[in-house]
$ cat model24.txt   # compact mmCIF, C-alpha atoms and all ligand atoms
# COMPACT_ATOMS: atom_id res chain seq x y z
CA MET A 12 99.13 78.02 100.81
CA GLN A 13 101.38 79.93 98.49
CA LEU A 14 104.55 81.78 99.31
CA GLN A 15 104.11 85.53 99.48
CA PRO A 16 105.91 87.51 96.76
CA ASN A 17 108.47 90.07 97.83
CA PRO A 18 106.74 93.15 99.25
CA LEU A 19 106.47 96.14 96.98
CA SER A 20 109.05 98.64 98.08
CA ALA A 21 109.42 101.40 95.51
CA MET A 22 107.31 103.94 93.66
CA ALA A 23 108.86 102.60 90.48
CA LEU A 24 106.76 99.51 90.94
CA ILE A 25 103.48 101.36 91.26
CA ASN A 26 102.60 100.94 87.61
CA ASP A 27 102.88 97.19 88.07
CA VAL A 28 100.22 97.25 90.77
CA PRO A 29 96.83 96.31 89.37
CA VAL A 30 94.09 98.92 89.53
CA THR A 31 91.94 98.35 92.60
CA MET A 32 88.31 97.88 91.64
CA VAL A 33 85.96 99.65 94.06
CA GLU A 34 82.26 99.10 94.70
CA GLY A 35 80.69 102.53 94.79
CA ARG A 36 81.65 106.02 93.75
CA ARG A 37 84.39 106.66 96.26
CA ALA A 38 87.69 104.95 97.03
CA VAL A 39 89.46 105.26 100.35
CA CYS A 40 93.25 105.17 100.32
CA ASP A 41 95.74 105.41 103.15
CA GLY A 42 98.62 103.82 101.30
CA GLY A 43 98.69 100.81 103.59
CA ASP A 44 101.15 100.16 106.36
CA GLY A 45 104.29 100.21 104.25
CA PRO A 46 106.45 103.04 102.91
CA LEU A 47 103.52 104.38 100.91
CA GLY A 48 101.42 105.04 104.01
CA HIS A 49 99.73 108.47 104.20
CA PRO A 50 96.69 110.17 105.77
CA LYS A 51 93.42 108.59 104.69
CA ILE A 52 91.86 110.33 101.71
CA TYR A 53 88.80 109.76 99.58
CA ILE A 54 89.06 109.59 95.81
CA ASN A 55 86.03 110.39 93.67
CA LEU A 56 85.47 107.77 91.01
CA ASP A 57 82.60 109.37 89.09
CA LEU A 58 84.74 109.86 86.00
CA PRO A 59 85.38 106.78 83.87
CA GLY A 60 88.73 105.08 84.04
CA PRO A 61 91.21 104.63 86.86
CA ARG A 62 92.00 107.49 89.25
CA SER A 63 95.37 107.76 90.95
CA CYS A 64 95.88 108.55 94.61
CA GLY A 65 97.72 111.87 94.88
CA TYR A 66 99.85 110.58 97.74
CA CYS A 67 100.96 107.11 96.81
CA GLY A 68 99.91 106.71 93.18
CA LEU A 69 97.79 103.64 93.72
CA ARG A 70 94.99 103.48 91.18
CA PHE A 71 91.31 102.89 91.80
CA GLU A 72 88.41 102.42 89.43
CA GLN A 73 84.71 102.07 90.02
CA VAL A 74 83.26 98.66 89.35
CA HIS A 75 80.78 98.82 86.51
CA HIS A 76 78.28 96.04 86.65
CA HIS A 77 77.06 94.69 83.38
CA HIS A 78 73.53 93.39 83.36
ZN ZN B 101 97.18 106.47 98.50

$ encode --input "model24.txt" --output "structure tokens"
Amino acid sequence: MQLQPNPLSAMALINDVPVTMVEGRRAVCDGGDGPLGHPKIYINLDLPGPRSCGYCGLRFEQVHHHH
């Protein structure tokens, strides 16, 4: 087991959070249980590149499988 890093606590850190890769065309974000928590929303990922949540700024991107 590894020690947990300090919890993220500020919007200033959001750009340090890796983009969350999502299977499928839609991400679901509720900001988690911390200070970024917000009503659950769906984020359309049809466009290429990462999309930011309008509430908490977390970024999501559709997984593109390479065959
Ligand atoms: Zn969010």

$ residues_near_ligand --input "model24.txt" --ligand "ligand ZN 101 (chain B)" --cutoff "9 Å" --atoms "all atoms listed in the file" --output "list in words"
Val39, Cys40, Asp41, Gly42, Gly43, Leu47, Gly48, His49, Pro50, Lys51, Ile52, Ser63, Cys64, Gly65, Tyr66, Cys67, Gly68, Leu69 and Arg70 of chain A

$ write_last_selection --input "model24.txt" --atoms "C-alpha atoms" --output "compact mmCIF listing (two decimals), keeping the file's coordinate frame"
# COMPACT_ATOMS: atom_id res chain seq x y z
CA VAL A 39 89.46 105.26 100.35
CA CYS A 40 93.25 105.17 100.32
CA ASP A 41 95.74 105.41 103.15
CA GLY A 42 98.62 103.82 101.30
CA GLY A 43 98.69 100.81 103.59
CA LEU A 47 103.52 104.38 100.91
CA GLY A 48 101.42 105.04 104.01
CA HIS A 49 99.73 108.47 104.20
CA PRO A 50 96.69 110.17 105.77
CA LYS A 51 93.42 108.59 104.69
CA ILE A 52 91.86 110.33 101.71
CA SER A 63 95.37 107.76 90.95
CA CYS A 64 95.88 108.55 94.61
CA GLY A 65 97.72 111.87 94.88
CA TYR A 66 99.85 110.58 97.74
CA CYS A 67 100.96 107.11 96.81
CA GLY A 68 99.91 106.71 93.18
CA LEU A 69 97.79 103.64 93.72
CA ARG A 70 94.99 103.48 91.18

$ residues_around --input "model24.txt" --residues "Gly60 in chain A" --least-positions-apart "5" --cutoff "12 Å" --atoms "all atoms listed in the file" --output "PyMOL selection string"
chain A and resi 30-33+55+70-75

$ write_last_selection --input "model24.txt" --atoms "C-alpha atoms" --output "short mmCIF file (atom, residue, chain, number, x, y, z; two decimals), in the frame of the given file"
data_model
loop_
_atom_site.label_atom_id
_atom_site.label_comp_id
_atom_site.auth_asym_id
_atom_site.auth_seq_id
_atom_site.Cartn_x
_atom_site.Cartn_y
_atom_site.Cartn_z
CA VAL A 30 94.09 98.92 89.53
CA THR A 31 91.94 98.35 92.60
CA MET A 32 88.31 97.88 91.64
CA VAL A 33 85.96 99.65 94.06
CA ASN A 55 86.03 110.39 93.67
CA ARG A 70 94.99 103.48 91.18
CA PHE A 71 91.31 102.89 91.80
CA GLU A 72 88.41 102.42 89.43
CA GLN A 73 84.71 102.07 90.02
CA VAL A 74 83.26 98.66 89.35
CA HIS A 75 80.78 98.82 86.51
#

$ atom_distance --input "model24.txt" --atom1 "CA of His76 in chain A" --atom2 "CA of Asp27 in chain A"
24.7 Å

$ residues_around --input "model24.txt" --residues "Arg37 in chain A" --least-positions-apart "3" --cutoff "7 Å" --atoms "all atoms listed in the file" --output "list in words"
Tyr53, Ile54, Asn55 and Leu56 of chain A
